[in-house]
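> Contents of data32.pdb (PDB, C-alpha atoms and all ligand atoms) are given next:
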```
ATOM      1  CA  MET A   1     -12.128 -17.541 -12.207
ATOM      2  CA  ASP A   2     -15.239 -18.432 -10.192
ATOM      3  CA  ASP A   3     -13.700 -21.466  -8.518
ATOM      4  CA  ILE A   4     -10.559 -19.634  -7.354
ATOM      5  CA  GLU A   5     -10.504 -19.262  -3.589
ATOM      6  CA  PRO A   6      -8.519 -16.281  -2.275
ATOM      7  CA  ILE A   7      -6.260 -17.026   0.701
ATOM      8  CA  TYR A   8      -6.922 -13.538   2.105
ATOM      9  CA  LYS A   9     -10.452 -12.190   2.576
ATOM     10  CA  ARG A  10      -9.551  -8.655   3.591
ATOM     11  CA  ILE A  11      -6.419  -6.950   2.318
ATOM     12  CA  LEU A  12      -4.621  -3.685   2.817
ATOM     13  CA  LEU A  13      -2.869  -2.849  -0.436
ATOM     14  CA  LYS A  14      -0.143  -0.194  -0.360
ATOM     15  CA  ILE A  15       0.561   1.515  -3.676
ATOM     16  CA  SER A  16       3.459   3.947  -3.790
ATOM     17  CA  GLY A  17       3.079   7.230  -5.632
ATOM     18  CA  GLU A  18       6.171   6.394  -7.663
ATOM     19  CA  SER A  19       4.538   3.295  -9.121
ATOM     20  CA  LEU A  20       1.665   5.435 -10.459
ATOM     21  CA  GLN A  21       3.936   7.619 -12.534
ATOM     22  CA  GLY A  22       4.987   4.872 -14.961
ATOM     23  CA  LYS A  23       7.503   6.088 -17.512
ATOM     24  CA  THR A  24       6.427   9.727 -17.186
ATOM     25  CA  GLY A  25       8.969  10.445 -14.412
ATOM     26  CA  SER A  26       6.447  12.253 -12.195
ATOM     27  CA  GLY A  27       2.704  12.758 -11.793
ATOM     28  CA  LEU A  28       0.159  10.206 -12.911
ATOM     29  CA  SER A  29       0.220   7.816 -15.836
ATOM     30  CA  GLU A  30      -3.266   6.988 -17.091
ATOM     31  CA  PRO A  31      -2.170   3.683 -18.708
ATOM     32  CA  VAL A  32      -0.669   2.595 -15.353
ATOM     33  CA  LEU A  33      -3.864   3.581 -13.528
ATOM     34  CA  LYS A  34      -6.001   1.708 -16.044
ATOM     35  CA  LYS A  35      -3.941  -1.461 -15.769
ATOM     36  CA  LEU A  36      -3.880  -1.246 -12.001
ATOM     37  CA  VAL A  37      -7.638  -0.911 -11.581
ATOM     38  CA  LYS A  38      -8.278  -3.815 -13.935
ATOM     39  CA  GLU A  39      -6.218  -5.953 -11.539
ATOM     40  CA  ILE A  40      -7.957  -4.532  -8.518
ATOM     41  CA  LYS A  41     -11.258  -5.476 -10.148
ATOM     42  CA  LYS A  42     -10.133  -9.086 -10.589
ATOM     43  CA  VAL A  43      -9.340  -9.261  -6.868
ATOM     44  CA  HIS A  44     -12.630  -7.555  -5.992
ATOM     45  CA  ASN A  45     -14.524 -10.095  -8.144
ATOM     46  CA  LEU A  46     -13.210 -12.865  -5.885
ATOM     47  CA  GLY A  47     -15.110 -11.263  -3.003
ATOM     48  CA  VAL A  48     -11.971  -9.894  -1.336
ATOM     49  CA  GLN A  49     -12.513  -6.752   0.764
ATOM     50  CA  ILE A  50     -10.000  -4.126  -0.294
ATOM     51  CA  GLY A  51      -8.465  -1.173   1.530
ATOM     52  CA  ILE A  52      -5.804   0.775  -0.353
ATOM     53  CA  VAL A  53      -3.230   3.179   1.046
ATOM     54  CA  VAL A  54      -1.744   5.365  -1.638
ATOM     55  CA  GLY A  55       1.571   7.232  -1.414
ATOM     56  CA  GLY A  56       2.481  10.617  -2.871
ATOM     57  CA  GLY A  57       6.100  10.316  -4.024
ATOM     58  CA  ASN A  58       5.174  10.891  -7.696
ATOM     59  CA  PHE A  59       4.257  14.466  -6.738
ATOM     60  CA  PHE A  60       6.124  15.345  -3.559
ATOM     61  CA  ARG A  61       8.034  13.825  -0.656
ATOM     62  CA  GLY A  62       8.764  15.864   2.457
ATOM     63  CA  ARG A  63      12.132  14.228   3.032
ATOM     64  CA  ASP A  64      13.375  15.140  -0.484
ATOM     65  CA  SER A  65      13.088  18.907  -0.038
ATOM     66  CA  ASP A  66      16.049  20.748   1.498
ATOM     67  CA  ASN A  67      13.958  22.459   4.202
ATOM     68  CA  SER A  68      16.066  25.635   4.322
ATOM     69  CA  ILE A  69      13.010  27.855   3.788
ATOM     70  CA  VAL A  70      10.041  25.505   3.805
ATOM     71  CA  LYS A  71      10.024  23.684   7.131
ATOM     72  CA  ARG A  72      10.115  19.887   7.287
ATOM     73  CA  THR A  73       6.663  19.746   8.852
ATOM     74  CA  THR A  74       5.257  21.932   6.052
ATOM     75  CA  SER A  75       6.947  19.729   3.429
ATOM     76  CA  ASP A  76       5.407  16.682   5.021
ATOM     77  CA  TYR A  77       1.936  18.224   4.887
ATOM     78  CA  MET A  78       2.598  18.963   1.209
ATOM     79  CA  GLY A  79       3.518  15.285   0.789
ATOM     80  CA  MET A  80       0.266  14.274   2.480
ATOM     81  CA  LEU A  81      -1.669  16.551   0.106
ATOM     82  CA  ALA A  82       0.072  14.740  -2.757
ATOM     83  CA  THR A  83      -1.360  11.438  -1.507
ATOM     84  CA  ILE A  84      -4.852  12.969  -1.564
ATOM     85  CA  MET A  85      -4.357  13.960  -5.216
ATOM     86  CA  ASN A  86      -3.454  10.344  -6.001
ATOM     87  CA  GLY A  87      -6.415   9.090  -3.980
ATOM     88  CA  LEU A  88      -8.807  11.277  -5.972
ATOM     89  CA  ALA A  89      -7.435   9.950  -9.254
ATOM     90  CA  LEU A  90      -7.423   6.350  -8.017
ATOM     91  CA  CYS A  91     -11.088   6.540  -6.931
ATOM     92  CA  ASP A  92     -12.093   7.895 -10.342
ATOM     93  CA  ALA A  93     -10.096   5.158 -12.050
ATOM     94  CA  ILE A  94     -11.691   2.452  -9.869
ATOM     95  CA  GLU A  95     -15.163   3.881 -10.457
ATOM     96  CA  SER A  96     -14.533   3.821 -14.213
ATOM     97  CA  GLU A  97     -14.601   0.012 -13.729
ATOM     98  CA  LYS A  98     -18.076   0.365 -12.162
ATOM     99  CA  LEU A  99     -16.838  -0.361  -8.649
ATOM    100  CA  SER A 100     -17.832   1.687  -5.652
ATOM    101  CA  THR A 101     -15.231   3.584  -3.595
ATOM    102  CA  LYS A 102     -14.822   5.682  -0.466
ATOM    103  CA  LEU A 103     -12.029   8.201  -0.196
ATOM    104  CA  ILE A 104     -10.733   8.584   3.346
ATOM    105  CA  SER A 105      -8.200  11.141   4.529
ATOM    106  CA  ALA A 106      -6.257  11.422   7.769
ATOM    107  CA  LEU A 107      -6.232  15.192   7.106
ATOM    108  CA  PRO A 108      -9.745  16.665   7.126
ATOM    109  CA  ILE A 109     -10.814  17.893   3.686
ATOM    110  CA  GLU A 110     -14.581  17.743   3.970
ATOM    111  CA  LYS A 111     -15.440  18.543   0.376
ATOM    112  CA  LEU A 112     -13.486  15.629  -1.003
ATOM    113  CA  THR A 113     -12.900  13.021   1.657
ATOM    114  CA  GLU A 114     -14.246  11.327   4.772
ATOM    115  CA  PRO A 115     -12.377  11.088   8.068
ATOM    116  CA  VAL A 116     -10.889   7.905   9.494
ATOM    117  CA  VAL A 117     -13.744   6.408  11.502
ATOM    118  CA  THR A 118     -12.933   2.720  11.846
ATOM    119  CA  ARG A 119     -16.506   1.558  12.487
ATOM    120  CA  LYS A 120     -17.730   3.266   9.306
ATOM    121  CA  ILE A 121     -14.781   1.994   7.307
ATOM    122  CA  ASN A 122     -15.470  -1.592   8.370
ATOM    123  CA  LYS A 123     -19.054  -1.153   7.182
ATOM    124  CA  TYR A 124     -17.864   0.141   3.801
ATOM    125  CA  LEU A 125     -15.549  -2.836   3.436
ATOM    126  CA  GLU A 126     -18.352  -5.242   4.309
ATOM    127  CA  GLU A 127     -20.454  -3.554   1.622
ATOM    128  CA  ASN A 128     -17.616  -4.380  -0.799
ATOM    129  CA  ARG A 129     -16.707  -0.778  -1.428
ATOM    130  CA  ILE A 130     -13.052  -0.169  -2.139
ATOM    131  CA  VAL A 131     -11.728   2.111   0.572
ATOM    132  CA  VAL A 132      -8.859   4.392  -0.461
ATOM    133  CA  PHE A 133      -6.893   5.854   2.438
ATOM    134  CA  THR A 134      -4.895   9.056   1.951
ATOM    135  CA  ALA A 135      -2.689  11.431   3.963
ATOM    136  CA  GLY A 136      -0.849   8.526   5.617
ATOM    137  CA  THR A 137      -1.042   8.800   9.391
ATOM    138  CA  GLY A 138      -2.044  12.487   9.218
ATOM    139  CA  SER A 139       1.168  13.505  11.016
ATOM    140  CA  PRO A 140       4.502  14.718   9.695
ATOM    141  CA  PHE A 141       7.681  12.613  10.043
ATOM    142  CA  PHE A 142       5.871   9.439   9.033
ATOM    143  CA  THR A 143       5.500   7.668   5.701
ATOM    144  CA  THR A 144       2.614   6.047   3.908
ATOM    145  CA  ASP A 145       4.178   2.641   4.687
ATOM    146  CA  THR A 146       3.500   3.403   8.336
ATOM    147  CA  GLY A 147       0.058   4.713   7.380
ATOM    148  CA  ALA A 148      -0.553   1.397   5.592
ATOM    149  CA  ALA A 149       0.558  -0.651   8.618
ATOM    150  CA  LEU A 150      -1.705   1.440  10.841
ATOM    151  CA  ARG A 151      -4.766   1.136   8.606
ATOM    152  CA  GLY A 152      -4.084  -2.562   8.013
ATOM    153  CA  ILE A 153      -4.142  -3.143  11.776
ATOM    154  CA  GLU A 154      -7.199  -0.914  12.265
ATOM    155  CA  ILE A 155      -9.275  -2.749   9.655
ATOM    156  CA  ASN A 156      -7.964  -6.112  10.830
ATOM    157  CA  ALA A 157      -6.607  -6.977   7.387
ATOM    158  CA  ASP A 158      -5.401 -10.537   6.782
ATOM    159  CA  ILE A 159      -2.335  -9.197   4.996
ATOM    160  CA  PHE A 160      -0.520  -5.969   4.173
ATOM    161  CA  LEU A 161       0.271  -6.220   0.464
ATOM    162  CA  LYS A 162       3.139  -3.916  -0.351
ATOM    163  CA  ALA A 163       3.069  -3.517  -4.118
ATOM    164  CA  THR A 164       6.431  -2.133  -5.090
ATOM    165  CA  MET A 165       8.932  -1.857  -7.947
ATOM    166  CA  VAL A 166      10.923  -4.958  -6.935
ATOM    167  CA  ASP A 167       9.636  -8.508  -6.817
ATOM    168  CA  GLY A 168      10.349  -9.118  -3.142
ATOM    169  CA  VAL A 169      12.995  -8.966  -0.438
ATOM    170  CA  TYR A 170      16.549  -9.870  -1.491
ATOM    171  CA  THR A 171      19.654 -10.792   0.457
ATOM    172  CA  GLY A 172      21.279  -7.672  -1.051
ATOM    173  CA  ASP A 173      20.508  -4.980  -3.595
ATOM    174  CA  PRO A 174      19.721  -6.914  -6.808
ATOM    175  CA  LYS A 175      20.718  -3.860  -8.892
ATOM    176  CA  THR A 176      24.281  -3.883  -7.600
ATOM    177  CA  ASP A 177      24.763  -7.386  -6.172
ATOM    178  CA  LYS A 178      24.575 -10.143  -8.817
ATOM    179  CA  ASN A 179      24.521 -12.836  -6.128
ATOM    180  CA  ALA A 180      21.535 -11.389  -4.312
ATOM    181  CA  THR A 181      18.763 -13.964  -3.924
ATOM    182  CA  LEU A 182      15.064 -13.551  -3.246
ATOM    183  CA  PHE A 183      13.608 -14.641   0.113
ATOM    184  CA  GLU A 184      10.370 -16.585  -0.097
ATOM    185  CA  LYS A 185       9.794 -15.779   3.583
ATOM    186  CA  ILE A 186      11.655 -13.694   6.118
ATOM    187  CA  SER A 187      10.966 -12.763   9.733
ATOM    188  CA  TYR A 188      10.285  -9.223  10.964
ATOM    189  CA  ASP A 189      13.357  -9.571  13.172
ATOM    190  CA  ASP A 190      15.625 -10.463  10.250
ATOM    191  CA  VAL A 191      14.392  -7.489   8.239
ATOM    192  CA  ILE A 192      15.042  -5.221  11.249
ATOM    193  CA  ARG A 193      18.394  -6.820  12.211
ATOM    194  CA  ASN A 194      19.770  -6.615   8.663
ATOM    195  CA  ASN A 195      18.298  -3.155   8.094
ATOM    196  CA  LEU A 196      16.730  -4.332   4.825
ATOM    197  CA  LYS A 197      15.316  -1.222   3.192
ATOM    198  CA  VAL A 198      12.158  -2.819   1.930
ATOM    199  CA  ILE A 199       9.765  -1.013   4.233
ATOM    200  CA  ASP A 200      10.334   1.645   6.858
ATOM    201  CA  MET A 201      11.243   0.613  10.394
ATOM    202  CA  THR A 202       8.234   2.201  12.108
ATOM    203  CA  ALA A 203       5.931   0.290   9.772
ATOM    204  CA  ILE A 204       7.641  -3.039  10.366
ATOM    205  CA  MET A 205       7.679  -2.567  14.138
ATOM    206  CA  LEU A 206       3.939  -1.843  14.090
ATOM    207  CA  CYS A 207       3.313  -4.956  11.987
ATOM    208  CA  LYS A 208       5.472  -7.065  14.272
ATOM    209  CA  GLU A 209       3.744  -5.868  17.439
ATOM    210  CA  ASN A 210       0.326  -6.506  15.938
ATOM    211  CA  ASN A 211       1.225  -9.637  13.989
ATOM    212  CA  LEU A 212       0.209  -8.243  10.595
ATOM    213  CA  LYS A 213       1.988 -10.174   7.841
ATOM    214  CA  ILE A 214       3.446  -8.226   4.937
ATOM    215  CA  LYS A 215       3.797  -9.474   1.385
ATOM    216  CA  VAL A 216       6.217  -7.558  -0.858
ATOM    217  CA  PHE A 217       5.816  -8.022  -4.612
ATOM    218  CA  ASP A 218       6.270  -6.346  -7.989
ATOM    219  CA  ILE A 219       3.311  -4.156  -8.947
ATOM    220  CA  TYR A 220       4.293  -4.132 -12.636
ATOM    221  CA  LYS A 221       4.305  -7.907 -13.075
ATOM    222  CA  GLU A 222       1.196  -9.146 -14.907
ATOM    223  CA  ASN A 223      -1.516 -10.275 -12.464
ATOM    224  CA  SER A 224       0.785  -9.834  -9.473
ATOM    225  CA  ILE A 225      -1.910  -8.401  -7.171
ATOM    226  CA  LEU A 226      -4.273 -11.226  -8.057
ATOM    227  CA  ASN A 227      -1.529 -13.819  -7.597
ATOM    228  CA  ALA A 228      -0.548 -12.292  -4.260
ATOM    229  CA  VAL A 229      -4.121 -12.823  -3.064
ATOM    230  CA  ILE A 230      -4.656 -16.359  -4.360
ATOM    231  CA  SER A 231      -1.264 -17.948  -3.737
ATOM    232  CA  ASN A 232       1.943 -17.580  -1.818
ATOM    233  CA  LYS A 233       4.095 -17.984  -4.929
ATOM    234  CA  GLU A 234       4.363 -14.236  -5.521
ATOM    235  CA  GLY A 235       6.969 -12.068  -3.744
ATOM    236  CA  THR A 236       8.254 -12.380  -0.181
ATOM    237  CA  ILE A 237       6.258 -12.808   3.022
ATOM    238  CA  ILE A 238       7.456 -11.012   6.142
ATOM    239  CA  GLY A 239       6.066 -12.377   9.380
ATOM    240  CA  ASP A 240       7.063 -14.015  12.649
ATOM    241  CA  GLU A 241       9.592 -16.867  12.782
ATOM    242  CA  LYS A 242       6.917 -19.436  11.852
ATOM    243  CA  CYS A 243       5.509 -17.547   8.834
TER     244      CYS A 243
HETATM  245  N1  LIG B 301       3.735  11.900   4.789
HETATM  246  C1  LIG B 301       3.718  12.337   6.123
HETATM  247  N2  LIG B 301       3.078  11.568   7.057
HETATM  248  C2  LIG B 301       2.506  10.380   6.766
HETATM  249  C3  LIG B 301       2.563   9.923   5.426
HETATM  250  C4  LIG B 301       3.192  10.701   4.451
HETATM  251  O1  LIG B 301       4.231  13.399   6.445
HETATM  252  O2  LIG B 301       1.950   9.727   7.661
HETATM  253  C5  LIG B 301       4.327  12.782   3.764
HETATM  254  C6  LIG B 301       5.841  12.676   3.696
HETATM  255  O3  LIG B 301       6.349  13.956   3.356
HETATM  256  C7  LIG B 301       6.050  11.719   2.548
HETATM  257  C8  LIG B 301       4.932  12.109   1.600
HETATM  258  O4  LIG B 301       3.842  12.408   2.484
HETATM  259  O5  LIG B 301       7.320  11.875   1.947
HETATM  260  C9  LIG B 301       4.522  11.061   0.601
HETATM  261  O6  LIG B 301       4.432   9.805   1.241
HETATM  262  P1  LIG B 301       5.449   8.607   0.904
HETATM  263  O7  LIG B 301       6.846   9.156   0.765
HETATM  264  O8  LIG B 301       5.261   7.538   1.918
HETATM  265  O9  LIG B 301       4.887   8.160  -0.485
HETATM  266  P2  LIG B 301       5.384   6.976  -1.458
HETATM  267  O10 LIG B 301       6.898   6.902  -1.364
HETATM  268  O11 LIG B 301       4.759   5.723  -0.967
HETATM  269  O12 LIG B 301       4.879   7.386  -2.811
END
```
Mind turning this structure into structure tokens?
Ligand code: UDP


Amino acid sequence: MDDIEPIYKRILLKISGESLQGKTGSGLSEPVLKKLVKEIKKVHNLGVQIGIVVGGGNFFRGRDSDNSIVKRTTSDYMGMLATIMNGLALCDAIESEKLSTKLISALPIEKLTEPVVTRKINKYLEENRIVVFTAGTGSPFFTTDTGAALRGIEINADIFLKATMVDGVYTGDPKTDKNATLFEKISYDDVIRNNLKVIDMTAIMLCKENNLKIKVFDIYKENSILNAVISNKEGTIIGDEKC
């Protein structure tokens, strides 16, 4: 392990809430958390600085509620609170592996979290603490994908690793289209032009404007986070035409 050289020194890892629920259908799965933090530790042991944005879809998503009584903005704040619940659990899980964390929230909750202060966050990353970002952008009508793009740009990450439930970007929906093939690389413009639903449009536009590459890969595949950091054989890279 010692002689493996990571190709990225600072990463922004996006973990969806859904991927934390495992087979339970909602909420948190402890076996999934355990497995996940063991992988995060392997990446950390390579000296990679790690920021994580966690979603909240395993508890609540603003866009899924019907908003007839509870307003959309309220639902979105509820969704952001869900991401903080996941962040709390993720920090405990990471610390159970004897790694140090900082829990950051775009919504101020002083007793549990710290605010987004980029200078401080950069210091934490340099100290090799794992920084867990919650509450997305802190504003309704956005998603944690956009929060991840934003934080990735703010911390000057080398890559935005989008750990998801599929192993990359396909020409079509692999569940319904048998002929769908996996892209090794694809440009931001092609993702936008073909409306590929791999990441939300605001997030991809932000990445494009700030030249932050995205790697989409399967979170459940053994060692996929580690492989995404040490090689370009895992998943699909989204970048400019030359990527
Ligand atoms: N959310 C929001 N603003 C943000 C990020 C998230 O309002 O900047 C809310 C929104 O309701 C969203 C929920 O938080 O549905 C959970 O986030 P997301 O759906 O991105 O989580 P994931 O699908 O990644 O688990």

> Please identify the residues whose atoms come within 8 Å of ligand LIG 301 (chain B), using only C-alpha atoms and all ligand atoms, and report them as a short mmCIF file (atom, residue, chain, number, x, y, z; two decimals) with C-alpha atoms, in the frame of the given file.


```cif
data_model
loop_
_atom_site.label_atom_id
_atom_site.label_comp_id
_atom_site.auth_asym_id
_atom_site.auth_seq_id
_atom_site.Cartn_x
_atom_site.Cartn_y
_atom_site.Cartn_z
CA LYS A 14 -0.14 -0.19 -0.36
CA ILE A 15 0.56 1.52 -3.68
CA SER A 16 3.46 3.95 -3.79
CA GLY A 17 3.08 7.23 -5.63
CA GLU A 18 6.17 6.39 -7.66
CA SER A 19 4.54 3.30 -9.12
CA VAL A 54 -1.74 5.36 -1.64
CA GLY A 55 1.57 7.23 -1.41
CA GLY A 56 2.48 10.62 -2.87
CA GLY A 57 6.10 10.32 -4.02
CA ASN A 58 5.17 10.89 -7.70
CA PHE A 60 6.12 15.34 -3.56
CA ARG A 61 8.03 13.82 -0.66
CA GLY A 62 8.76 15.86 2.46
CA ARG A 63 12.13 14.23 3.03
CA ASP A 64 13.38 15.14 -0.48
CA THR A 73 6.66 19.75 8.85
CA SER A 75 6.95 19.73 3.43
CA ASP A 76 5.41 16.68 5.02
CA TYR A 77 1.94 18.22 4.89
CA MET A 78 2.60 18.96 1.21
CA GLY A 79 3.52 15.28 0.79
CA MET A 80 0.27 14.27 2.48
CA LEU A 81 -1.67 16.55 0.11
CA ALA A 82 0.07 14.74 -2.76
CA THR A 83 -1.36 11.44 -1.51
CA ALA A 135 -2.69 11.43 3.96
CA GLY A 136 -0.85 8.53 5.62
CA THR A 137 -1.04 8.80 9.39
CA GLY A 138 -2.04 12.49 9.22
CA SER A 139 1.17 13.50 11.02
CA PRO A 140 4.50 14.72 9.70
CA PHE A 141 7.68 12.61 10.04
CA PHE A 142 5.87 9.44 9.03
CA THR A 143 5.50 7.67 5.70
CA THR A 144 2.61 6.05 3.91
CA ASP A 145 4.18 2.64 4.69
CA THR A 146 3.50 3.40 8.34
CA GLY A 147 0.06 4.71 7.38
#
```

> Which residue out of A:Leu33, A:Ala148, A:Ile84, A:Leu196 has the minimum interatomic distance to A:Thr113 when all atoms listed in the file are used?

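Of the candidates, the smallest distance to A:Thr113 is held by A:Ile84.
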
> Within 10 Å of A:Tyr220, counting only C-alpha atoms, which residues show up once you throw out same-chain ones fewer than 6 positions away? Write them as an mmCIF file with C-alpha atoms, in the coordinates of the input, please.


```
data_model
loop_
_atom_site.group_PDB
_atom_site.id
_atom_site.type_symbol
_atom_site.label_atom_id
_atom_site.label_comp_id
_atom_site.auth_asym_id
_atom_site.auth_seq_id
_atom_site.Cartn_x
_atom_site.Cartn_y
_atom_site.Cartn_z
ATOM 1 C CA SER A 19 4.538 3.295 -9.121
ATOM 2 C CA GLY A 22 4.987 4.872 -14.961
ATOM 3 C CA VAL A 32 -0.669 2.595 -15.353
ATOM 4 C CA LYS A 35 -3.941 -1.461 -15.769
ATOM 5 C CA LEU A 36 -3.880 -1.246 -12.001
ATOM 6 C CA ALA A 163 3.069 -3.517 -4.118
ATOM 7 C CA THR A 164 6.431 -2.133 -5.090
ATOM 8 C CA MET A 165 8.932 -1.857 -7.947
ATOM 9 C CA VAL A 166 10.923 -4.958 -6.935
ATOM 10 C CA ASP A 167 9.636 -8.508 -6.817
#
```

> Assuming the chain letters and numbering stay as they are in my file, what does the PyMOL selection byres (((chain A and resi 124-129) around 10) and not hetatm) actually select? List them as a PDB file with C-alpha atoms, in the frame of the given file.


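Contents of the output file out26.pdb:
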```
ATOM      1  CA  ARG A  10      -9.551  -8.655   3.591  1.00  0.00           C
ATOM      2  CA  HIS A  44     -12.630  -7.555  -5.992  1.00  0.00           C
ATOM      3  CA  ASN A  45     -14.524 -10.095  -8.144  1.00  0.00           C
ATOM      4  CA  GLY A  47     -15.110 -11.263  -3.003  1.00  0.00           C
ATOM      5  CA  VAL A  48     -11.971  -9.894  -1.336  1.00  0.00           C
ATOM      6  CA  GLN A  49     -12.513  -6.752   0.764  1.00  0.00           C
ATOM      7  CA  ILE A  50     -10.000  -4.126  -0.294  1.00  0.00           C
ATOM      8  CA  GLY A  51      -8.465  -1.173   1.530  1.00  0.00           C
ATOM      9  CA  LEU A  99     -16.838  -0.361  -8.649  1.00  0.00           C
ATOM     10  CA  SER A 100     -17.832   1.687  -5.652  1.00  0.00           C
ATOM     11  CA  THR A 101     -15.231   3.584  -3.595  1.00  0.00           C
ATOM     12  CA  LYS A 102     -14.822   5.682  -0.466  1.00  0.00           C
ATOM     13  CA  THR A 118     -12.933   2.720  11.846  1.00  0.00           C
ATOM     14  CA  ARG A 119     -16.506   1.558  12.487  1.00  0.00           C
ATOM     15  CA  LYS A 120     -17.730   3.266   9.306  1.00  0.00           C
ATOM     16  CA  ILE A 121     -14.781   1.994   7.307  1.00  0.00           C
ATOM     17  CA  ASN A 122     -15.470  -1.592   8.370  1.00  0.00           C
ATOM     18  CA  LYS A 123     -19.054  -1.153   7.182  1.00  0.00           C
ATOM     19  CA  ILE A 130     -13.052  -0.169  -2.139  1.00  0.00           C
ATOM     20  CA  VAL A 131     -11.728   2.111   0.572  1.00  0.00           C
ATOM     21  CA  VAL A 132      -8.859   4.392  -0.461  1.00  0.00           C
ATOM     22  CA  ILE A 155      -9.275  -2.749   9.655  1.00  0.00           C
TER      23      ILE A 155
END
```

> Quick one: distance from atom CA of A:Asp66 to atom CA of A:Ile192 in Å, one decimal?

27.8 Å

> Quick check on the file I pasted: which residues fall under the PyMOL selection byres (((chain A and resi 208) around 10) and not hetatm)? Write them as a list in words.

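With the shown file as input, the PyMOL selection byres (((chain A and resi 208) around 10) and not hetatm) matches Ala149, Ser187, Tyr188, Asp189, Thr202, Ala203, Ile204, Met205, Leu206, Cys207, Glu209, Asn210, Asn211, Leu212, Lys213, Ile214, Ile238, Gly239 and Asp240 of chain A.
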
> When you count all atoms listed in the file, which of these residues is closest to A:Val216: A:Val116, A:Leu13, A:Ile153, A:Leu107?

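Smallest separation from A:Val216 among the options: A:Leu13.
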
> Report, in Å to a single decimal, how far apart atom CA of A:Ser96 and atom CA of A:Glu39 are.

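Result for atom CA of A:Glu39 versus atom CA of A:Ser96: 13.1 Å, one decimal.
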
> In Å to one decimal, how far is atom CA of A:Asp173 from atom CA of A:Thr236?

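Atom-to-atom, atom CA of A:Thr236 and atom CA of A:Asp173 are spaced 14.7 Å apart.
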
> Report as a VMD selection string all protein, DNA and RNA residues lying within 6 Å of A:Val43, evaluated on all atoms listed in the file, omitting residues in the same chain fewer than 3 positions from it.

chain A and resid 40 46 226

> Once you add 5 Å to each side, what are the centre and edge lengths of the axis-aligned box holding all listed atoms of stretch 119-137 of chain A? One decimal in Å, as AutoDock Vina command-line options, if you can.


```
--center_x -10.7 --center_y 3.1 --center_z 5.2 --size_x 29.6 --size_y 26.7 --size_z 24.6
```

> Determine the nearest neighbour of A:Ile159 from the options A:Lys233, A:Lys98, A:Lys215, A:Lys23, counting only C-alpha atoms.

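Going through A:Lys233, A:Lys98, A:Lys215, A:Lys23 one by one, the smallest distance to A:Ile159 is for A:Lys215.
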
> Restricting the calculation to only C-alpha atoms: of A:Val37, A:Val198, A:Ala157, A:Val229, which residue gets closest to A:Glu97?

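With only C-alpha atoms as the atom set, the closest residue is A:Val37.
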
> Output stretch 44-53 of chain A as a compact mmCIF listing (two decimals), in the frame of the given file, making sure N, CA, C and O atoms are there.


```txt
# COMPACT_ATOMS: atom_id res chain seq x y z
N HIS A 44 -11.31 -7.89 -6.53
CA HIS A 44 -12.63 -7.56 -5.99
C HIS A 44 -13.66 -8.62 -6.40
O HIS A 44 -14.50 -9.02 -5.59
N ASN A 45 -13.57 -9.10 -7.65
CA ASN A 45 -14.52 -10.10 -8.14
C ASN A 45 -14.44 -11.43 -7.40
O ASN A 45 -15.34 -12.25 -7.48
N LEU A 46 -13.34 -11.64 -6.69
CA LEU A 46 -13.21 -12.86 -5.88
C LEU A 46 -13.90 -12.70 -4.53
O LEU A 46 -13.87 -13.60 -3.69
N GLY A 47 -14.44 -11.52 -4.29
CA GLY A 47 -15.11 -11.26 -3.00
C GLY A 47 -14.16 -10.76 -1.92
O GLY A 47 -14.53 -10.71 -0.75
N VAL A 48 -12.95 -10.39 -2.31
CA VAL A 48 -11.97 -9.89 -1.34
C VAL A 48 -12.31 -8.44 -0.97
O VAL A 48 -12.63 -7.64 -1.85
N GLN A 49 -12.28 -8.14 0.32
CA GLN A 49 -12.51 -6.75 0.76
C GLN A 49 -11.19 -5.99 0.67
O GLN A 49 -10.16 -6.48 1.14
N ILE A 50 -11.26 -4.81 0.07
CA ILE A 50 -10.00 -4.13 -0.29
C ILE A 50 -9.91 -2.73 0.30
O ILE A 50 -10.74 -1.85 0.04
N GLY A 51 -8.85 -2.52 1.10
CA GLY A 51 -8.46 -1.17 1.53
C GLY A 51 -7.16 -0.85 0.82
O GLY A 51 -6.30 -1.72 0.67
N ILE A 52 -7.03 0.39 0.36
CA ILE A 52 -5.80 0.78 -0.35
C ILE A 52 -5.22 2.02 0.32
O ILE A 52 -5.93 2.98 0.57
N VAL A 53 -3.93 1.97 0.60
CA VAL A 53 -3.23 3.18 1.05
C VAL A 53 -2.36 3.63 -0.12
O VAL A 53 -1.58 2.83 -0.66
```
